[in-house]
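Chemist: This is the content of my_file35.cif (mmCIF, C-alpha atoms, pLDDT in the B column; chains and numbers go by the auth columns):
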data_entry
loop_
_atom_site.group_PDB
_atom_site.id
_atom_site.type_symbol
_atom_site.label_atom_id
_atom_site.label_comp_id
_atom_site.label_asym_id
_atom_site.label_seq_id
_atom_site.Cartn_x
_atom_site.Cartn_y
_atom_site.Cartn_z
_atom_site.B_iso_or_equiv
_atom_site.auth_seq_id
_atom_site.auth_asym_id
ATOM 1 C CA MET A 1 100.716 109.933 104.928 53.00 1 P
ATOM 2 C CA ARG A 2 97.158 109.370 106.163 52.00 2 P
ATOM 3 C CA GLU A 3 94.554 111.892 107.332 53.00 3 P
ATOM 4 C CA ARG A 4 94.654 112.378 111.059 55.00 4 P
ATOM 5 C CA SER A 5 91.813 112.802 113.553 60.00 5 P
ATOM 6 C CA SER A 6 92.225 115.504 116.199 62.00 6 P
ATOM 7 C CA LEU A 7 91.715 112.796 118.860 83.00 7 P
ATOM 8 C CA ILE A 8 94.796 110.869 117.811 94.00 8 P
ATOM 9 C CA PRO A 9 97.778 111.836 119.980 96.00 9 P
ATOM 10 C CA LYS A 10 100.595 113.722 118.281 97.00 10 P
ATOM 11 C CA VAL A 11 103.909 112.047 118.981 98.00 11 P
ATOM 12 C CA VAL A 12 107.554 112.887 118.360 98.00 12 P
ATOM 13 C CA LEU A 13 109.946 109.940 118.282 98.00 13 P
ATOM 14 C CA ASP A 14 113.555 110.523 119.225 97.00 14 P
ATOM 15 C CA THR A 15 116.134 108.989 116.874 98.00 15 P
ATOM 16 C CA THR A 16 116.977 106.317 119.453 98.00 16 P
ATOM 17 C CA ILE A 17 113.470 104.862 118.998 98.00 17 P
ATOM 18 C CA ILE A 18 113.872 104.574 115.225 98.00 18 P
ATOM 19 C CA PHE A 19 117.306 103.056 115.746 98.00 19 P
ATOM 20 C CA ALA A 20 116.094 100.383 118.177 98.00 20 P
ATOM 21 C CA ALA A 21 113.083 99.558 115.965 98.00 21 P
ATOM 22 C CA THR A 22 115.254 99.197 112.859 98.00 22 P
ATOM 23 C CA PHE A 23 117.563 96.613 114.397 98.00 23 P
ATOM 24 C CA HIS A 24 115.068 94.784 116.628 98.00 24 P
ATOM 25 C CA PRO A 25 111.688 94.509 114.850 97.00 25 P
ATOM 26 C CA GLU A 26 110.136 92.627 117.776 96.00 26 P
ATOM 27 C CA GLY A 27 111.342 95.054 120.413 97.00 27 P
ATOM 28 C CA VAL A 28 109.358 97.568 122.387 98.00 28 P
ATOM 29 C CA ALA A 29 110.404 100.500 120.161 98.00 29 P
ATOM 30 C CA ALA A 30 109.146 98.662 117.074 97.00 30 P
ATOM 31 C CA LYS A 31 105.802 98.178 118.829 98.00 31 P
ATOM 32 C CA VAL A 32 105.514 101.964 119.120 98.00 32 P
ATOM 33 C CA LEU A 33 105.989 102.223 115.358 97.00 33 P
ATOM 34 C CA ARG A 34 103.246 99.639 114.860 97.00 34 P
ATOM 35 C CA LEU A 35 100.811 102.018 116.589 97.00 35 P
ATOM 36 C CA LEU A 36 101.663 104.504 113.852 96.00 36 P
ATOM 37 C CA GLU A 37 100.893 101.927 111.170 94.00 37 P
ATOM 38 C CA ASP A 38 97.605 101.073 112.906 95.00 38 P
ATOM 39 C CA GLY A 39 96.598 104.753 112.961 95.00 39 P
ATOM 40 C CA GLU A 40 96.517 104.974 116.763 96.00 40 P
ATOM 41 C CA ILE A 41 99.141 107.711 116.914 97.00 41 P
ATOM 42 C CA ALA A 42 100.271 110.503 114.606 97.00 42 P
ATOM 43 C CA VAL A 43 104.034 110.832 114.322 98.00 43 P
ATOM 44 C CA VAL A 44 105.435 114.147 113.110 98.00 44 P
ATOM 45 C CA ILE A 45 108.978 114.439 111.755 98.00 45 P
ATOM 46 C CA SER A 46 110.900 117.537 110.714 97.00 46 P
ATOM 47 C CA ASN A 47 113.333 117.398 107.813 97.00 47 P
ATOM 48 C CA ARG A 48 116.220 117.751 110.255 96.00 48 P
ATOM 49 C CA LEU A 49 115.004 114.876 112.418 97.00 49 P
ATOM 50 C CA ARG A 50 114.435 112.660 109.355 98.00 50 P
ATOM 51 C CA SER A 51 117.983 113.370 108.274 97.00 51 P
ATOM 52 C CA GLU A 52 119.253 112.354 111.721 97.00 52 P
ATOM 53 C CA TYR A 53 117.242 109.108 111.550 98.00 53 P
ATOM 54 C CA GLU A 54 118.856 108.299 108.213 97.00 54 P
ATOM 55 C CA ASP A 55 122.416 109.242 109.189 97.00 55 P
ATOM 56 C CA THR A 56 122.195 107.069 112.301 97.00 56 P
ATOM 57 C CA VAL A 57 120.682 103.860 110.927 97.00 57 P
ATOM 58 C CA THR A 58 122.741 103.904 107.712 96.00 58 P
ATOM 59 C CA HIS A 59 126.025 104.808 109.438 97.00 59 P
ATOM 60 C CA PRO A 60 128.827 102.418 108.330 95.00 60 P
ATOM 61 C CA ALA A 61 129.444 101.461 111.982 96.00 61 P
ATOM 62 C CA GLN A 62 126.007 99.803 112.045 96.00 62 P
ATOM 63 C CA ARG A 63 126.934 97.443 109.176 94.00 63 P
ATOM 64 C CA VAL A 64 129.681 96.070 111.424 95.00 64 P
ATOM 65 C CA ARG A 65 127.666 95.982 114.653 96.00 65 P
ATOM 66 C CA PHE A 66 124.491 94.658 112.987 97.00 66 P
ATOM 67 C CA PRO A 67 125.642 92.676 109.920 95.00 67 P
ATOM 68 C CA PHE A 68 122.148 91.151 109.594 95.00 68 P
ATOM 69 C CA VAL A 69 120.700 94.549 108.600 96.00 69 P
ATOM 70 C CA THR A 70 121.888 95.901 105.255 94.00 70 P
ATOM 71 C CA GLU A 71 121.842 99.574 104.359 93.00 71 P
ATOM 72 C CA GLU A 72 118.977 98.708 101.990 91.00 72 P
ATOM 73 C CA ASP A 73 117.036 97.173 104.915 94.00 73 P
ATOM 74 C CA ALA A 74 117.569 100.316 106.984 96.00 74 P
ATOM 75 C CA ARG A 75 116.415 102.575 104.137 95.00 75 P
ATOM 76 C CA ALA A 76 113.386 100.355 103.498 93.00 76 P
ATOM 77 C CA TYR A 77 112.352 100.758 107.124 94.00 77 P
ATOM 78 C CA LEU A 78 112.707 104.549 106.890 96.00 78 P
ATOM 79 C CA ASN A 79 110.566 104.518 103.753 95.00 79 P
ATOM 80 C CA TYR A 80 107.957 102.514 105.659 93.00 80 P
ATOM 81 C CA ILE A 81 107.926 105.189 108.398 95.00 81 P
ATOM 82 C CA ASP A 82 107.646 107.917 105.744 96.00 82 P
ATOM 83 C CA LYS A 83 104.453 106.295 104.456 95.00 83 P
ATOM 84 C CA PHE A 84 102.653 106.845 107.749 96.00 84 P
ATOM 85 C CA ALA A 85 104.336 109.836 109.401 97.00 85 P
ATOM 86 C CA GLU A 86 103.723 113.505 108.728 97.00 86 P
ATOM 87 C CA ARG A 87 106.762 115.431 107.518 97.00 87 P
ATOM 88 C CA ILE A 88 107.055 119.175 108.167 97.00 88 P
ATOM 89 C CA PRO A 89 109.766 121.755 107.406 96.00 89 P
ATOM 90 C CA ASN A 90 112.273 122.527 110.146 96.00 90 P
ATOM 91 C CA PRO A 91 110.456 124.642 112.737 95.00 91 P
ATOM 92 C CA PRO A 92 111.724 128.055 113.872 94.00 92 P
ATOM 93 C CA THR A 93 113.531 128.355 117.206 94.00 93 P
ATOM 94 C CA HIS A 94 110.803 128.786 119.780 94.00 94 P
ATOM 95 C CA LEU A 95 113.097 127.965 122.672 92.00 95 P
ATOM 96 C CA SER A 96 116.842 127.808 123.122 91.00 96 P
ATOM 97 C CA TYR A 97 117.955 124.602 124.811 90.00 97 P
ATOM 98 C CA PRO A 98 121.415 125.193 126.298 87.00 98 P
ATOM 99 C CA ARG A 99 121.353 121.926 128.240 86.00 99 P
ATOM 100 C CA ASP A 100 122.034 120.109 124.967 87.00 100 P
ATOM 101 C CA PHE A 101 122.115 122.077 121.733 89.00 101 P
ATOM 102 C CA ASP A 102 121.874 118.812 119.772 92.00 102 P
ATOM 103 C CA ASP A 103 118.394 118.288 121.197 93.00 103 P
ATOM 104 C CA GLU A 104 117.239 121.819 120.387 94.00 104 P
ATOM 105 C CA HIS A 105 115.701 120.856 117.032 95.00 105 P
ATOM 106 C CA ILE A 106 113.610 118.154 118.733 96.00 106 P
ATOM 107 C CA VAL A 107 112.496 120.534 121.492 96.00 107 P
ATOM 108 C CA ASN A 108 111.379 123.061 118.885 96.00 108 P
ATOM 109 C CA LEU A 109 109.596 120.430 116.804 97.00 109 P
ATOM 110 C CA ILE A 110 107.671 119.371 119.900 97.00 110 P
ATOM 111 C CA ILE A 111 106.672 122.973 120.617 96.00 111 P
ATOM 112 C CA GLU A 112 105.820 123.717 116.977 96.00 112 P
ATOM 113 C CA ILE A 113 103.308 120.877 116.693 96.00 113 P
ATOM 114 C CA ARG A 114 102.264 121.031 120.370 96.00 114 P
ATOM 115 C CA ALA A 115 103.003 117.331 120.727 97.00 115 P
ATOM 116 C CA ASP A 116 101.164 115.219 123.281 96.00 116 P
ATOM 117 C CA PHE A 117 104.052 112.804 123.712 97.00 117 P
ATOM 118 C CA LEU A 118 107.787 112.550 123.227 97.00 118 P
ATOM 119 C CA VAL A 119 109.074 108.971 123.219 98.00 119 P
ATOM 120 C CA ALA A 120 112.803 108.649 123.845 97.00 120 P
ATOM 121 C CA LEU A 121 115.553 106.518 125.345 97.00 121 P
ATOM 122 C CA ASP A 122 118.050 109.279 126.021 94.00 122 P
ATOM 123 C CA LYS A 123 118.191 110.349 129.681 92.00 123 P
ATOM 124 C CA ASP A 124 118.632 114.031 128.839 90.00 124 P
ATOM 125 C CA LEU A 125 115.504 114.089 126.707 93.00 125 P
ATOM 126 C CA LEU A 126 113.577 112.015 129.240 94.00 126 P
ATOM 127 C CA SER A 127 114.170 114.788 131.790 91.00 127 P
ATOM 128 C CA LEU A 128 113.053 117.497 129.363 91.00 128 P
ATOM 129 C CA SER A 129 109.936 118.261 131.402 87.00 129 P
ATOM 130 C CA GLU A 130 112.170 119.299 134.303 88.00 130 P
ATOM 131 C CA PHE A 131 113.484 122.198 132.204 91.00 131 P
ATOM 132 C CA PRO A 132 111.306 125.091 133.504 90.00 132 P
ATOM 133 C CA PRO A 133 111.116 127.197 130.305 91.00 133 P
ATOM 134 C CA PHE A 134 109.953 124.123 128.402 92.00 134 P
ATOM 135 C CA ARG A 135 107.443 123.191 131.099 91.00 135 P
ATOM 136 C CA GLU A 136 105.988 126.698 130.882 92.00 136 P
ATOM 137 C CA VAL A 137 105.494 126.460 127.128 92.00 137 P
ATOM 138 C CA LEU A 138 104.160 122.907 127.030 92.00 138 P
ATOM 139 C CA PRO A 139 103.017 121.800 130.499 92.00 139 P
ATOM 140 C CA GLU A 140 100.803 118.967 129.218 92.00 140 P
ATOM 141 C CA ILE A 141 103.382 116.988 127.277 94.00 141 P
ATOM 142 C CA GLN A 142 104.371 113.549 128.516 96.00 142 P
ATOM 143 C CA VAL A 143 107.935 112.395 127.930 96.00 143 P
ATOM 144 C CA LEU A 144 108.134 108.631 128.185 97.00 144 P
ATOM 145 C CA ARG A 145 110.274 105.601 127.449 97.00 145 P
ATOM 146 C CA PRO A 146 108.679 103.280 124.859 98.00 146 P
ATOM 147 C CA GLY A 147 107.443 100.718 127.395 97.00 147 P
ATOM 148 C CA ALA A 148 105.703 103.375 129.482 97.00 148 P
ATOM 149 C CA PHE A 149 104.254 104.937 126.337 98.00 149 P
ATOM 150 C CA LEU A 150 102.773 101.593 125.230 98.00 150 P
ATOM 151 C CA ARG A 151 101.170 101.149 128.673 97.00 151 P
ATOM 152 C CA LYS A 152 99.754 104.666 128.446 97.00 152 P
ATOM 153 C CA MET A 153 98.246 103.909 125.036 96.00 153 P
ATOM 154 C CA GLU A 154 96.808 100.665 126.376 95.00 154 P
ATOM 155 C CA GLN A 155 95.102 102.631 129.176 93.00 155 P
ATOM 156 C CA ARG A 156 93.670 105.068 126.636 90.00 156 P
ATOM 157 C CA ARG A 157 92.265 102.155 124.629 88.00 157 P
ATOM 158 C CA GLU A 158 90.665 100.647 127.725 88.00 158 P
ATOM 159 C CA GLN A 159 89.151 104.005 128.732 85.00 159 P
ATOM 160 C CA SER A 160 87.737 104.554 125.268 80.00 160 P
ATOM 161 C CA HIS A 161 86.040 101.123 125.422 74.00 161 P
ATOM 162 C CA GLU A 162 84.336 101.840 128.734 71.00 162 P
ATOM 163 C CA PRO A 163 80.616 102.558 128.297 64.00 163 P
ATOM 164 C CA GLU A 164 79.893 106.287 128.534 56.00 164 P
ATOM 165 C CA HIS A 165 77.172 105.926 131.211 54.00 165 P
ATOM 166 C CA SER A 166 79.720 104.432 133.631 48.00 166 P
ATOM 167 C CA LEU A 167 81.180 107.923 134.040 50.00 167 P
ATOM 168 C CA GLU A 168 77.907 109.271 135.394 49.00 168 P
ATOM 169 C CA PRO A 169 75.812 108.197 138.372 47.00 169 P
ATOM 170 C CA PRO A 170 72.953 105.865 137.468 44.00 170 P
ATOM 171 C CA ALA A 171 69.838 107.794 136.423 44.00 171 P
ATOM 172 C CA SER A 172 67.806 106.091 139.120 43.00 172 P
ATOM 173 C CA SER A 173 70.006 107.459 141.928 41.00 173 P
ATOM 174 C CA SER A 174 68.329 110.888 141.813 42.00 174 P
ATOM 175 C CA GLU A 175 64.845 109.450 141.579 41.00 175 P
ATOM 176 C CA PRO A 176 62.622 108.829 144.591 39.00 176 P
ATOM 177 C CA LEU A 177 62.839 105.316 145.961 37.00 177 P
ATOM 178 C CA LEU A 178 59.092 104.815 145.906 37.00 178 P
ATOM 179 C CA MET B 1 124.014 76.151 73.077 85.00 179 Q
ATOM 180 C CA THR B 2 127.412 76.195 74.674 87.00 180 Q
ATOM 181 C CA LEU B 3 129.127 79.339 75.903 86.00 181 Q
ATOM 182 C CA MET B 4 132.810 79.540 76.637 88.00 182 Q
ATOM 183 C CA LEU B 5 134.403 82.199 78.835 89.00 183 Q
ATOM 184 C CA GLU B 6 138.084 82.907 79.115 92.00 184 Q
ATOM 185 C CA LEU B 7 138.908 83.931 82.697 94.00 185 Q
ATOM 186 C CA SER B 8 142.189 84.726 84.372 94.00 186 Q
ATOM 187 C CA PRO B 9 143.069 82.594 87.426 94.00 187 Q
ATOM 188 C CA ALA B 10 142.190 85.517 89.723 94.00 188 Q
ATOM 189 C CA GLU B 11 138.808 86.010 88.023 94.00 189 Q
ATOM 190 C CA GLU B 12 138.130 82.286 88.214 94.00 190 Q
ATOM 191 C CA ARG B 13 138.916 82.220 91.945 92.00 191 Q
ATOM 192 C CA GLU B 14 136.617 85.230 92.496 93.00 192 Q
ATOM 193 C CA LEU B 15 133.798 83.627 90.500 93.00 193 Q
ATOM 194 C CA VAL B 16 134.063 80.290 92.331 93.00 194 Q
ATOM 195 C CA ALA B 17 134.224 82.008 95.728 88.00 195 Q
ATOM 196 C CA THR B 18 131.186 84.192 94.970 87.00 196 Q
ATOM 197 C CA ALA B 19 129.106 81.253 93.770 86.00 197 Q
ATOM 198 C CA GLU B 20 130.120 79.199 96.818 85.00 198 Q
ATOM 199 C CA LYS B 21 129.142 82.078 99.081 74.00 199 Q
ATOM 200 C CA GLU B 22 125.635 81.973 97.586 77.00 200 Q
ATOM 201 C CA GLY B 23 125.576 78.182 97.889 77.00 201 Q
ATOM 202 C CA ILE B 24 125.124 77.514 94.169 84.00 202 Q
ATOM 203 C CA SER B 25 127.244 76.202 91.300 89.00 203 Q
ATOM 204 C CA VAL B 26 129.254 78.513 89.054 92.00 204 Q
ATOM 205 C CA GLU B 27 126.950 77.674 86.107 90.00 205 Q
ATOM 206 C CA GLU B 28 123.817 78.476 88.129 87.00 206 Q
ATOM 207 C CA TYR B 29 125.397 81.685 89.446 89.00 207 Q
ATOM 208 C CA ILE B 30 126.157 82.912 85.917 91.00 208 Q
ATOM 209 C CA LEU B 31 122.703 81.968 84.618 89.00 209 Q
ATOM 210 C CA ARG B 32 121.032 83.843 87.475 85.00 210 Q
ATOM 211 C CA ARG B 33 123.062 86.940 86.677 86.00 211 Q
ATOM 212 C CA VAL B 34 122.364 86.767 82.954 87.00 212 Q
ATOM 213 C CA LEU B 35 118.749 85.546 82.780 87.00 213 Q
ATOM 214 C CA PRO B 36 116.075 87.528 84.676 79.00 214 Q
ATOM 215 C CA SER B 37 113.823 84.425 84.675 82.00 215 Q
ATOM 216 C CA ARG B 38 116.431 82.516 86.724 80.00 216 Q
ATOM 217 C CA SER B 39 116.945 85.204 89.336 78.00 217 Q
ATOM 218 C CA GLU B 40 115.394 84.964 92.799 75.00 218 Q
ATOM 219 C CA PRO B 41 112.158 86.921 93.352 78.00 219 Q
ATOM 220 C CA PRO B 42 112.686 90.086 95.404 79.00 220 Q
ATOM 221 C CA GLU B 43 112.436 89.672 99.168 84.00 221 Q
ATOM 222 C CA THR B 44 109.026 90.557 100.583 89.00 222 Q
ATOM 223 C CA TRP B 45 108.593 92.932 103.524 88.00 223 Q
ATOM 224 C CA GLU B 46 107.731 89.985 105.807 91.00 224 Q
ATOM 225 C CA GLN B 47 110.762 87.970 104.655 92.00 225 Q
ATOM 226 C CA ARG B 48 113.007 90.954 105.289 93.00 226 Q
ATOM 227 C CA ARG B 49 111.492 91.439 108.726 94.00 227 Q
ATOM 228 C CA SER B 50 111.887 87.749 109.614 95.00 228 Q
ATOM 229 C CA ARG B 51 115.527 87.832 108.538 95.00 229 Q
ATOM 230 C CA VAL B 52 116.238 90.841 110.781 97.00 230 Q
ATOM 231 C CA VAL B 53 114.318 89.275 113.700 97.00 231 Q
ATOM 232 C CA ALA B 54 116.420 86.102 113.364 97.00 232 Q
ATOM 233 C CA GLY B 55 119.613 88.130 113.040 97.00 233 Q
ATOM 234 C CA PHE B 56 118.913 90.081 116.198 97.00 234 Q
ATOM 235 C CA ALA B 57 118.056 86.896 118.123 97.00 235 Q
ATOM 236 C CA ALA B 58 121.276 85.257 116.939 96.00 236 Q
ATOM 237 C CA SER B 59 123.352 88.320 117.884 96.00 237 Q
ATOM 238 C CA GLY B 60 122.832 87.580 121.589 95.00 238 Q
ATOM 239 C CA MET B 61 122.233 91.270 122.252 97.00 239 Q
ATOM 240 C CA THR B 62 119.612 92.139 124.848 97.00 240 Q
ATOM 241 C CA GLU B 63 117.019 94.877 124.384 97.00 241 Q
ATOM 242 C CA GLU B 64 118.681 96.898 127.179 97.00 242 Q
ATOM 243 C CA GLU B 65 122.065 96.666 125.443 98.00 243 Q
ATOM 244 C CA LEU B 66 120.494 97.742 122.160 98.00 244 Q
ATOM 245 C CA GLU B 67 118.897 100.752 123.851 97.00 245 Q
ATOM 246 C CA GLU B 68 122.201 101.808 125.409 97.00 246 Q
ATOM 247 C CA TYR B 69 123.916 101.349 122.064 98.00 247 Q
ATOM 248 C CA ALA B 70 121.198 103.417 120.339 98.00 248 Q
ATOM 249 C CA VAL B 71 121.897 106.368 122.644 97.00 249 Q
ATOM 250 C CA GLN B 72 125.630 106.134 121.907 97.00 250 Q
ATOM 251 C CA ALA B 73 125.052 105.752 118.152 98.00 251 Q
ATOM 252 C CA VAL B 74 122.992 108.960 118.035 97.00 252 Q
ATOM 253 C CA LYS B 75 125.654 110.816 120.046 96.00 253 Q
ATOM 254 C CA GLN B 76 128.320 109.632 117.599 96.00 254 Q
ATOM 255 C CA VAL B 77 126.377 110.796 114.543 97.00 255 Q
ATOM 256 C CA ARG B 78 125.731 114.174 116.171 95.00 256 Q
ATOM 257 C CA ALA B 79 129.427 114.586 117.044 95.00 257 Q
ATOM 258 C CA GLU B 80 130.376 113.793 113.445 95.00 258 Q
ATOM 259 C CA ARG B 81 127.779 116.252 112.156 92.00 259 Q
ATOM 260 C CA ARG B 82 129.125 118.994 114.449 90.00 260 Q
ATOM 261 C CA ALA B 83 132.691 118.293 113.323 92.00 261 Q
ATOM 262 C CA LYS B 84 131.587 118.478 109.676 89.00 262 Q
ATOM 263 C CA GLU B 85 129.738 121.759 110.221 86.00 263 Q
ATOM 264 C CA ALA B 86 132.780 123.229 112.004 87.00 264 Q
ATOM 265 C CA GLN B 87 134.979 122.611 108.988 84.00 265 Q
ATOM 266 C CA PRO B 88 135.750 125.781 107.017 78.00 266 Q
#
Hey, can you dump this file as structure tokens for me?

Modeler:
Amino acid sequence: MRERSSLIPKVVLDTTIIFAATFHPEGVAAKVLRLLEDGEIAVVISNRLRSEYEDTVTHPAQRVRFPFVTEEDARAYLNYIDKFAERIPNPPTHLSYPRDFDDEHIVNLIIEIRADFLVALDKDLLSLSEFPPFREVLPEIQVLRPGAFLRKMEQRREQSHEPEHSLEPPASSSEPLL
Amino acid sequence: MTLMLELSPAEERELVATAEKEGISVEEYILRRVLPSRSEPPETWEQRRSRVVAGFAASGMTEEELEEYAVQAVKQVRAERRAKEAQP
């Protein structure tokens, strides 16, 4: 795991993102993971979430549905993610999430690290910000699908490349004309 | 040096089928298993990636279908985990 700057956004990736990236390395979810490799985002994973990643991509049903990806391939991809992501112990329960108890560990991971982004494919998680108690705790978080997240990161890159003086009025504007 | 192996008909069929599956002769298959110098070098990360990219393209699955399947796959694993945890 690499050292992280405080300016790099903290991101939680739902298991669906890891799944899609494992089986489609040129897909949009895999592009999100490439931002992690390039050091543009910091991905934080709890032990519980890592275990869910593994159980899902190495499930025997996937060997039938995706015969071109072996269990060894799937594990190699998880190991690659481990190299760049930050792993933390399972966080305490900050918030109960009765809408879907299976998502509660993700909700609490997000709160624990005060994530800037959650990237997901699942509709329930994508509407997480509409859950008032969550919104109260973490009003700034953005919950996005991978395509929207990539566009957001592209915008951030463009903004960071803009010259600083363009944000302020030209110095001459306050000076007398003659 | 000549080696001789005594195989049952079932073992012979298995050996021939396995070698054919790898697209090599029975002699080459045995040599690769026995001699490290004859074995294929391990697949690189890029080779592995290219193989998976080609496999996904050949599967005919769209990205949207994969995403829908991903949501269902996670639900299935969670249901199995719950069932396991509920066991006494």

Chemist: Show me, as a PyMOL selection string, every residue of chain P with an atom at most 10 Å from chain Q, counting all atoms listed in the file.

Modeler: chain P and resi 14-29+52-53+55-57+59+61-62+65-70+73+76-77+80+102-103+120-123

Chemist: Mind giving me the axis-aligned box for segment 6-24 of chain P with 6 Å on every side, centre plus edges in Å to one decimal, as AutoDock Vina command-line options?

Modeler:
--center_x 104.6 --center_y 105.1 --center_z 116.4 --size_x 37.8 --size_y 32.7 --size_z 19.1

Chemist: On this file, the PyMOL selection byres ((chain Q and resi 205) around 12) gives some set of residues; write that set as a list in words.

Modeler: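 Checked against the file, the PyMOL selection byres ((chain Q and resi 205) around 12) matches Thr180, Leu181, Met182, Leu183, Leu193, Val194, Thr196, Ala197, Glu198, Gly201, Ile202, Ser203, Val204, Glu206, Tyr207, Ile208, Leu209, Arg210, Arg211, Val212, Leu213 and Arg216 of chain Q.
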
Chemist: If we count only C-alpha atoms, what is near segment 126-141 of chain P at a cut-off of 10 Å, once residues fewer than 4 positions away on the same chain are taken out, given as a list of chain:residue names?

Modeler: P:Lys10, P:Val11, P:His94, P:Leu95, P:Ser96, P:Tyr97, P:Arg99, P:Asp103, P:Val107, P:Asn108, P:Ile110, P:Ile111, P:Arg114, P:Ala115, P:Asp116, P:Phe117, P:Leu118, P:Val119, P:Ala120, P:Leu121, P:Asp122, P:Arg145

Chemist: Choose the residue, out of P:Ile41, P:Ala148, P:Leu36, P:Ile113, that has the smallest atom-to-atom separation from Pro9 of chain P; count only C-alpha atoms.

Modeler: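 For Pro9 of chain P, the nearest of the given residues is P:Ile41.
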
Chemist: May I ask for the distance between atom CA of Thr93 of chain P and atom CA of Gln142 of chain P, given in Å to one decimal place?

Modeler: 20.8 Å

Chemist: Could you check how far atom CA of Glu37 of chain P sits from atom CA of Ile8 of chain P, in Å to one decimal?

Modeler: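 We find that atom CA of Glu37 of chain P and atom CA of Ile8 of chain P lie 12.7 Å from each other.
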